[in-house]
Amino acid sequence: MAENESCSGAATCTRESCEGCPSKAGAPQSLIEELNPFSSVKKVIGVVSGKGGVGKSFVTASLASAMREKGYEVGILDADITGPSIPKMYGVHGPAEGNDLGLFPIEAKDGTKLMSLNLLMDDEEAPVIWRGPVIASTVKQFWHDVYWGDLDYLFVDMPPGTGDVPLTVFQSLPVDGIVIVTSPQELVQLIVKKAIHMAEMMDIPVLGLVENYSFMKCPDCGKEIKLFGDSKIDEVAAGISVPVLGKMPLNPEYARLADEGQFHQIKNPYLKNAVDTVENL
């Protein structure tokens, strides 16, 4: 472009200012961050939700535990920087340590490797009052500064919504697919579609949907009680051509074990299709 020539109808620019113009650039450069040089990760699976409180971390840990039970080497990158819950669910505490190889994740009782901001803080209950760019940078560091070793699967537990961290993960990590977690409330269709559209814009495969709180079983008669009314997940999934990978109940025993840091004891048969889908990637 000649000096002082207008760029696509924009204000007049100089040759120097056009060096970064998209019309001048060739093939787009990858934004994928380099993995820790001493580590190997075969598959990266993101677990996302359009809103908070739907059990996203529970699904992340359930998938990780199921794959670990199958004999795979598994890790969880807790990308929910301001609301980390993975360490408490597994009953692990920091501080995480490291050496020239990188920062070491902490292993849960079942061998799952965990990295979370809570494992780096002196006070686990202290709030994380950081702006978006700092949070996004931390997520990248969990990828390239952590010595994950040889993993078959790394599950990324993302914060709810379509903000800085999901964008950073989609752009910076080689995500092989995402699982979207939702619940039966009326807003499910709008919220799920937002997450789907973001994944499509970022060219990330959507493996399927998981619905939490689908029902609760009566402890006396075993009848399924639909606390939030009839599920909409099947019709939503059909409308966007995405499979339903599981419907999980509200189970007080699951909640108790997670609260006590004994998540490794939980057996979750409701995610069999999700586990099979991840394994067959």
# chains A, B, ... in the order shown; residues from 1 in each chain; ligands from 1
>>> closest_atom_pairs(of="stretch 106-161 of chain A", to="stretch 78-93 of chain A", cutoff="8 Å", atoms="only C-alpha atoms", output="CSV")
residue,atom,partner,partner_atom,distance
A:Ile106,CA,A:Val92,CA,7.4
A:Glu107,CA,A:Val92,CA,7.8
A:Ala108,CA,A:Tyr90,CA,6.1
A:Lys109,CA,A:Tyr90,CA,7.6
A:Leu114,CA,A:Pro87,CA,7.3
A:Met115,CA,A:Asp78,CA,6.1
A:Ser116,CA,A:Asp78,CA,4.9
A:Leu117,CA,A:Ile81,CA,6.1
A:Asn118,CA,A:Pro84,CA,6.7
A:Leu119,CA,A:His93,CA,5.8
A:Pro127,CA,A:Thr82,CA,7.2
A:Val128,CA,A:Thr82,CA,5.4
A:Ile129,CA,A:Thr82,CA,7.6
A:Ile135,CA,A:Ile81,CA,6.6
A:Val139,CA,A:Ala79,CA,5.9
A:Val156,CA,A:Asp78,CA,6.0
A:Asp157,CA,A:Asp78,CA,5.0
A:Met158,CA,A:Ala79,CA,4.9
A:Pro159,CA,A:Asp80,CA,4.5
>>> select_by_dssp(residues="stretch 17-150 of chain A", states="strand (DSSP E)", output="VMD selection string")
chain A and resid 40 to 49 74 to 78 98 to 99 102 to 103 106 to 107 113 to 115 150
>>> closest_atom_pairs(of="stretch 30-90 of chain A", to="stretch 164-171 of chain A", cutoff="10 Å", atoms="only C-alpha atoms", output="Markdown table")
| residue | atom | partner | partner_atom | distance |
| --- | --- | --- | --- | --- |
| A:Ser30 | CA | A:Gln171 | CA | 8.3 |
| A:Leu31 | CA | A:Gln171 | CA | 5.9 |
| A:Ile32 | CA | A:Gln171 | CA | 6.1 |
| A:Glu33 | CA | A:Gln171 | CA | 8.5 |
| A:Gly46 | CA | A:Val169 | CA | 8.3 |
| A:Val47 | CA | A:Pro166 | CA | 9.8 |
| A:Val48 | CA | A:Pro166 | CA | 8.0 |
| A:Ser49 | CA | A:Pro166 | CA | 9.9 |
| A:Ala79 | CA | A:Val165 | CA | 7.2 |
| A:Asp80 | CA | A:Val165 | CA | 7.9 |
| A:Ile81 | CA | A:Val165 | CA | 8.7 |
>>> closest_residue(among="A:Met202, A:Ile76, A:Leu190, A:Ala237", to="A:Trp148", atoms="only C-alpha atoms")
A:Ile76
>>> closest_atom_pairs(of="stretch 124-220 of chain A", to="stretch 248-257 of chain A", cutoff="9 Å", atoms="only C-alpha atoms", output="JSON lines")
{"residue": "A:Val210", "atom": "CA", "partner": "A:Met248", "partner_atom": "CA", "distance": 7.7}
{"residue": "A:Glu211", "atom": "CA", "partner": "A:Met248", "partner_atom": "CA", "distance": 6.2}
{"residue": "A:Asn212", "atom": "CA", "partner": "A:Met248", "partner_atom": "CA", "distance": 4.7}
{"residue": "A:Tyr213", "atom": "CA", "partner": "A:Leu250", "partner_atom": "CA", "distance": 4.8}
{"residue": "A:Ser214", "atom": "CA", "partner": "A:Pro249", "partner_atom": "CA", "distance": 5.2}
{"residue": "A:Phe215", "atom": "CA", "partner": "A:Pro249", "partner_atom": "CA", "distance": 4.8}
{"residue": "A:Met216", "atom": "CA", "partner": "A:Leu250", "partner_atom": "CA", "distance": 5.1}
{"residue": "A:Lys217", "atom": "CA", "partner": "A:Pro249", "partner_atom": "CA", "distance": 7.5}
>>> atom_distance(atom1="atom CA of A:Ile240", atom2="atom CA of A:Asp176")
19.3 Å
>>> closest_residue(among="A:Leu173, A:Leu63, A:Val74, A:Leu207", to="A:Ser241", atoms="only C-alpha atoms")
A:Leu207
>>> residues_around(residues="A:Gly208", least_positions_apart="6", cutoff="10 Å", atoms="only C-alpha atoms", output="mmCIF file with all heavy atoms, in the first residue's frame")
data_model
loop_
_atom_site.group_PDB
_atom_site.id
_atom_site.type_symbol
_atom_site.label_atom_id
_atom_site.label_comp_id
_atom_site.auth_asym_id
_atom_site.auth_seq_id
_atom_site.Cartn_x
_atom_site.Cartn_y
_atom_site.Cartn_z
ATOM 1 N N GLY A 177 -12.059 -30.409 22.121
ATOM 2 C CA GLY A 177 -13.507 -30.382 22.173
ATOM 3 C C GLY A 177 -13.978 -29.899 23.528
ATOM 4 O O GLY A 177 -13.212 -29.882 24.496
ATOM 5 N N ILE A 178 -15.242 -29.470 23.589
ATOM 6 C CA ILE A 178 -15.795 -28.997 24.851
ATOM 7 C C ILE A 178 -17.082 -29.736 25.178
ATOM 8 O O ILE A 178 -17.807 -30.202 24.291
ATOM 9 C CB ILE A 178 -16.074 -27.481 24.850
ATOM 10 C CG1 ILE A 178 -17.134 -27.117 23.801
ATOM 11 C CG2 ILE A 178 -14.793 -26.695 24.635
ATOM 12 C CD1 ILE A 178 -17.641 -25.692 23.923
ATOM 13 N N VAL A 179 -17.336 -29.854 26.465
ATOM 14 C CA VAL A 179 -18.600 -30.372 26.987
ATOM 15 C C VAL A 179 -19.308 -29.204 27.654
ATOM 16 O O VAL A 179 -18.711 -28.503 28.482
ATOM 17 C CB VAL A 179 -18.369 -31.509 27.995
ATOM 18 C CG1 VAL A 179 -19.689 -31.927 28.648
ATOM 19 C CG2 VAL A 179 -17.699 -32.692 27.322
ATOM 20 N N ILE A 180 -20.557 -28.986 27.300
ATOM 21 C CA ILE A 180 -21.321 -27.868 27.855
ATOM 22 C C ILE A 180 -22.266 -28.396 28.928
ATOM 23 O O ILE A 180 -23.038 -29.328 28.680
ATOM 24 C CB ILE A 180 -22.119 -27.133 26.764
ATOM 25 C CG1 ILE A 180 -21.158 -26.545 25.722
ATOM 26 C CG2 ILE A 180 -22.972 -26.027 27.367
ATOM 27 C CD1 ILE A 180 -21.863 -25.872 24.556
ATOM 28 N N VAL A 181 -22.191 -27.805 30.107
ATOM 29 C CA VAL A 181 -23.010 -28.240 31.240
ATOM 30 C C VAL A 181 -24.134 -27.244 31.453
ATOM 31 O O VAL A 181 -23.922 -26.017 31.416
ATOM 32 C CB VAL A 181 -22.164 -28.343 32.524
ATOM 33 C CG1 VAL A 181 -23.008 -28.891 33.676
ATOM 34 C CG2 VAL A 181 -20.949 -29.230 32.291
ATOM 35 N N ILE A 196 -22.611 -22.365 22.560
ATOM 36 C CA ILE A 196 -22.439 -23.031 21.270
ATOM 37 C C ILE A 196 -21.896 -22.056 20.237
ATOM 38 O O ILE A 196 -20.950 -22.349 19.494
ATOM 39 C CB ILE A 196 -23.778 -23.609 20.779
ATOM 40 C CG1 ILE A 196 -24.217 -24.775 21.661
ATOM 41 C CG2 ILE A 196 -23.669 -24.026 19.318
ATOM 42 C CD1 ILE A 196 -23.545 -26.073 21.375
ATOM 43 N N ALA A 237 -30.936 -29.779 22.198
ATOM 44 C CA ALA A 237 -29.847 -30.490 21.531
ATOM 45 C C ALA A 237 -30.199 -30.815 20.087
ATOM 46 O O ALA A 237 -29.369 -30.694 19.179
ATOM 47 C CB ALA A 237 -29.512 -31.768 22.305
ATOM 48 N N SER A 241 -28.229 -29.712 16.724
ATOM 49 C CA SER A 241 -27.518 -30.901 16.223
ATOM 50 C C SER A 241 -26.318 -31.280 17.086
ATOM 51 O O SER A 241 -25.226 -31.545 16.581
ATOM 52 C CB SER A 241 -27.076 -30.677 14.768
ATOM 53 O OG SER A 241 -28.179 -30.423 13.934
ATOM 54 N N VAL A 242 -26.546 -31.272 18.393
ATOM 55 C CA VAL A 242 -25.508 -31.649 19.356
ATOM 56 C C VAL A 242 -26.076 -32.752 20.245
ATOM 57 O O VAL A 242 -27.224 -32.655 20.692
ATOM 58 C CB VAL A 242 -25.078 -30.434 20.204
ATOM 59 C CG1 VAL A 242 -24.166 -30.863 21.334
ATOM 60 C CG2 VAL A 242 -24.383 -29.397 19.341
ATOM 61 N N PRO A 243 -25.316 -33.809 20.523
ATOM 62 C CA PRO A 243 -25.855 -34.908 21.332
ATOM 63 C C PRO A 243 -25.958 -34.564 22.810
ATOM 64 O O PRO A 243 -25.214 -33.727 23.323
ATOM 65 C CB PRO A 243 -24.849 -36.038 21.110
ATOM 66 C CG PRO A 243 -23.561 -35.335 20.801
ATOM 67 C CD PRO A 243 -23.956 -34.109 20.022
ATOM 68 N N VAL A 244 -26.881 -35.211 23.482
ATOM 69 C CA VAL A 244 -26.964 -35.151 24.943
ATOM 70 C C VAL A 244 -26.091 -36.270 25.490
ATOM 71 O O VAL A 244 -26.311 -37.445 25.178
ATOM 72 C CB VAL A 244 -28.415 -35.312 25.431
ATOM 73 C CG1 VAL A 244 -28.456 -35.342 26.958
ATOM 74 C CG2 VAL A 244 -29.278 -34.174 24.908
ATOM 75 N N LEU A 245 -25.105 -35.922 26.303
ATOM 76 C CA LEU A 245 -24.142 -36.895 26.797
ATOM 77 C C LEU A 245 -24.470 -37.425 28.186
ATOM 78 O O LEU A 245 -23.805 -38.343 28.665
ATOM 79 C CB LEU A 245 -22.737 -36.279 26.812
ATOM 80 C CG LEU A 245 -22.191 -35.824 25.461
ATOM 81 C CD1 LEU A 245 -20.802 -35.221 25.631
ATOM 82 C CD2 LEU A 245 -22.159 -36.971 24.474
ATOM 83 N N GLY A 246 -25.473 -36.839 28.820
ATOM 84 C CA GLY A 246 -25.824 -37.329 30.142
ATOM 85 C C GLY A 246 -26.815 -36.429 30.846
ATOM 86 O O GLY A 246 -26.876 -35.226 30.576
ATOM 87 N N ASN A 273 -22.023 -41.953 28.528
ATOM 88 C CA ASN A 273 -21.927 -41.514 27.134
ATOM 89 C C ASN A 273 -20.878 -40.426 26.964
ATOM 90 O O ASN A 273 -20.164 -40.384 25.954
ATOM 91 C CB ASN A 273 -23.284 -41.019 26.633
ATOM 92 C CG ASN A 273 -24.278 -42.146 26.443
ATOM 93 O OD1 ASN A 273 -23.897 -43.312 26.345
ATOM 94 N ND2 ASN A 273 -25.552 -41.820 26.409
ATOM 95 N N ALA A 274 -20.784 -39.552 27.953
ATOM 96 C CA ALA A 274 -19.783 -38.496 27.886
ATOM 97 C C ALA A 274 -18.377 -39.082 27.969
ATOM 98 O O ALA A 274 -17.468 -38.681 27.230
ATOM 99 C CB ALA A 274 -19.997 -37.487 29.025
ATOM 100 N N THR A 277 -17.526 -40.746 24.701
ATOM 101 C CA THR A 277 -17.246 -39.751 23.660
ATOM 102 C C THR A 277 -15.847 -39.198 23.802
ATOM 103 O O THR A 277 -15.114 -39.060 22.812
ATOM 104 C CB THR A 277 -18.271 -38.597 23.752
ATOM 105 O OG1 THR A 277 -19.584 -39.112 23.517
ATOM 106 C CG2 THR A 277 -17.970 -37.515 22.704
#
>>> residues_around(residues="A:Lys267", least_positions_apart="3", cutoff="10 Å", atoms="only C-alpha atoms", output="JSON, numbers by chain")
{"A": [62, 65, 66, 69, 254, 263, 264, 270, 271]}
